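All remarks here apply to the structure that follows.
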Amino acid sequence: MEETAKQYTFEDSLKSIETENLLDRIFYRPIGYRIALLLAKTPVTPNTITIISIFIGVFAGILFFPQNIWINIAGFALLVIANILDCVDGQLARLTGIKSPIGRILDGLAGNLWFISIYIGIALRLSADFGAAVAWTAATLSGLSNLIQSNIVDYYKTAHLYFISSAKGSEFETVSSIKAKHSAMPRGINKALYVLYVYYSTIQIIITPQLQKLLARLTAEYGKDLPQDIRNSLRANSSRIMPILNIITFNGRSIALLISVLTQIFWIYLAFEIVVLNIVLVVAIRRYEQSCKMFQ
């Protein structure tokens with residue numbers, strides 16, 4: 001197994017360095033890579049790591065409810081650990097080749113469950129100051145914003161991988177192919193979970209009409225074997241949007257959450273997601289959609 005570990009590099013554990021933001025490149029991913037190398041020598045699977053991260057992340061969210069800064073800081077530290085493990089599962093999957101559609105769904109579900117726990121903790125905390133109706137409404141709007149924002153960022157980043165190469169973008173699928181896979185699955189927990197992925201993908205298609213037109217035209221003309229010059233143009237265009245998208249990732253949210261913890265003003269975080277990140281998302285979508293028209 002040592003020989004296997006030596007033949008991999010840090011870049012091998014990443015989807016693409018181009019889709020990683022600064023904090024991921026210098027902190028989360030390097031730590032995740034070291035842990036993934038160690039786990040590659042064991043029977044531990046990526047899905048096991050994902051499930052562990054879910055429990056840690058959900059517990060972290062609970063710790064934002066008590067009005068005690070040290071408990072809240074402990075919650076934030078656990079959230080950082082959960083995110084490290086979230087990196088580990090993907091990096092371990094790429095190093096070992098252990099991948100599955102359910103693993104991708106679990107990975108996305110993990111982050112959603114962390115933040116549901118966070119919203120519940122913050123809503124309970126803010127109810128005393130703003131009333132239950134206001135607190136729960138704000139937390140719900142924040143949660144819905146997070147769901148849509150994360151969904152679209154994930155889609156654009158997966159599209160970027162597809163523009164690099166078909167191999168890198170192997171997870172970039174059409175809704176019709178996803179539905180076909182779902183229909184072919186035998187009944188059970190995997191099929192039940194996969195239906196979430198169908199709806200998840202449908203939202204992406206609805207919000208990105210110009211990108212869908214572009215992809216449909218390119219597929220009709222070239223299939224999946226896009227000429228390299230077209231890939232390069234699409235990749236360069238996508239790269240210009242990437243810095244905007246990186247604001248809407250876990251790292252952007254965690255900075256706002258840390259400020260809320262340190263100031264003990266937790267409505268800051270909800271306002272950041274509802275107002276700031278939604279504005280950033282609209283800007284990113286508009287720029288991406290307008291740029292897609294240039295290729296049509």
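Ligands are numbered from 1 in the order shown, chains are lettered A, B, ... in the order of the structure tokens, and residues start at 1 in each chain.
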
Near segment 84-107 of chain A, 8 Å: segment 119-236 of chain A residue rows, closest pairs, only C-alpha atoms, as CSV:
residue,atom,partner,partner_atom,distance
A:Asn190,CA,A:Ile102,CA,6.5
A:Leu193,CA,A:Ile105,CA,7.3
A:Tyr194,CA,A:Ile102,CA,6.9
A:Leu196,CA,A:Ile105,CA,7.8
A:Tyr197,CA,A:Ile105,CA,6.5

List as a ChimeraX atom specification the protein and nucleic acid residues near Val195 of chain A, meaning an atom at most 12 Å away when only C-alpha atoms are counted, but skip any in the same chain fewer than 5 places from it.
/A:101-102,105,175,178-183,185,187-190,200-202

Interatomic distance, atom CA of Leu257 of chain A to atom CA of Ser117 of chain A (Å, one decimal):
13.5 Å

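Excluding Ala256 of chain A itself and same-chain residues fewer than 2 positions from it, the residues having an atom within 10 Å of it are Asn251, Gly252, Arg253, Ser254, Leu258, Ile259, Ser260, Val261, Phe266, Ile268, Tyr269, Leu270, Ala271, Phe272 and Glu273 of chain A, counting only C-alpha atoms.
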
Which neighbours of segment 223-227 of chain A fall inside 9 Å, counting only C-alpha atoms, when residues of the same chain fewer than 4 positions from it are skipped, and could you give them as a PyMOL selection string?
chain A and resi 163+165-166+218-219+231-232

Based on the selection just made, write C-alpha atoms of those residues as an mmCIF file, in the first residue's frame.
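New file result_21.cif:
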data_model
loop_
_atom_site.group_PDB
_atom_site.id
_atom_site.type_symbol
_atom_site.label_atom_id
_atom_site.label_comp_id
_atom_site.auth_asym_id
_atom_site.auth_seq_id
_atom_site.Cartn_x
_atom_site.Cartn_y
_atom_site.Cartn_z
ATOM 1 C CA PHE A 163 -15.107 21.952 -20.007
ATOM 2 C CA SER A 165 -12.249 17.233 -20.134
ATOM 3 C CA SER A 166 -14.924 14.539 -20.375
ATOM 4 C CA LEU A 218 -22.780 21.617 -28.620
ATOM 5 C CA THR A 219 -24.057 18.117 -27.858
ATOM 6 C CA ARG A 231 -13.261 23.495 -24.443
ATOM 7 C CA ASN A 232 -10.548 26.101 -23.919
#

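For the pair atom CA of Ile241 of chain A and atom CA of Ile274 of chain A, the interatomic distance is 20.8 Å.
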
Of the candidates A:Phe10, A:Glu20, A:Trp267, A:Lys15, which one gets nearest to Ile35 of chain A if we count only C-alpha atoms?
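The shortest atom-to-atom distance to Ile35 of chain A comes from A:Phe10.
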
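Distances here use only C-alpha atoms; by that measure, the residue among A:Met242, A:Gln264, A:Ile164, A:Ser170 closest to Asp229 of chain A is A:Ile164.
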
What does the distance between atom CA of Gln212 of chain A and atom CA of Leu161 of chain A come to in Å, to one decimal place?
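Separation between atom CA of Gln212 of chain A and atom CA of Leu161 of chain A: 16.0 Å.
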
Write out as a VMD selection string each polymer residue whose atoms come within 12 Å of segment 136-143 of chain A, counting only C-alpha atoms; drop sequence neighbours fewer than 5 positions from it.
chain A and resid 111 to 128 130 to 131 148 to 150 253 266 to 278

Helix (DSSP H, G or I) per DSSP on the backbone: members of segment 128-226 of chain A, as a count of residues only
79

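Every protein, DNA or RNA residue with an atom at most 8 Å from Ser238 of chain A, where only C-alpha atoms count and chain neighbours fewer than 2 positions away do not, is listed here: Tyr156, His160, Leu234, Arg235, Ala236, Arg240, Ile241, Met242 and Tyr288 of chain A.
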
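Of the listed residues (A:Ile247, A:Val58, A:Val198, A:Leu211), A:Ile247 comes nearest to Leu23 of chain A; the distances count only C-alpha atoms.
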
With distances taken over only C-alpha atoms, which residue among A:Val134, A:Ile49, A:Leu79, A:Ala36 lies nearest Leu63 of chain A?
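Using only C-alpha atoms, the shortest distance to Leu63 of chain A belongs to A:Leu79.
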
Ranking A:Ile31, A:Ile17, A:Ile203, A:Ile69 by minimum distance to Leu147 of chain A and counting only C-alpha atoms, which one comes first?
A:Ile203

From A:Leu262, A:Ile207, A:Ile51, A:Leu14, residue lying nearest Phe76 of chain A [only C-alpha atoms]
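For Phe76 of chain A, the nearest of the given residues is A:Leu262.
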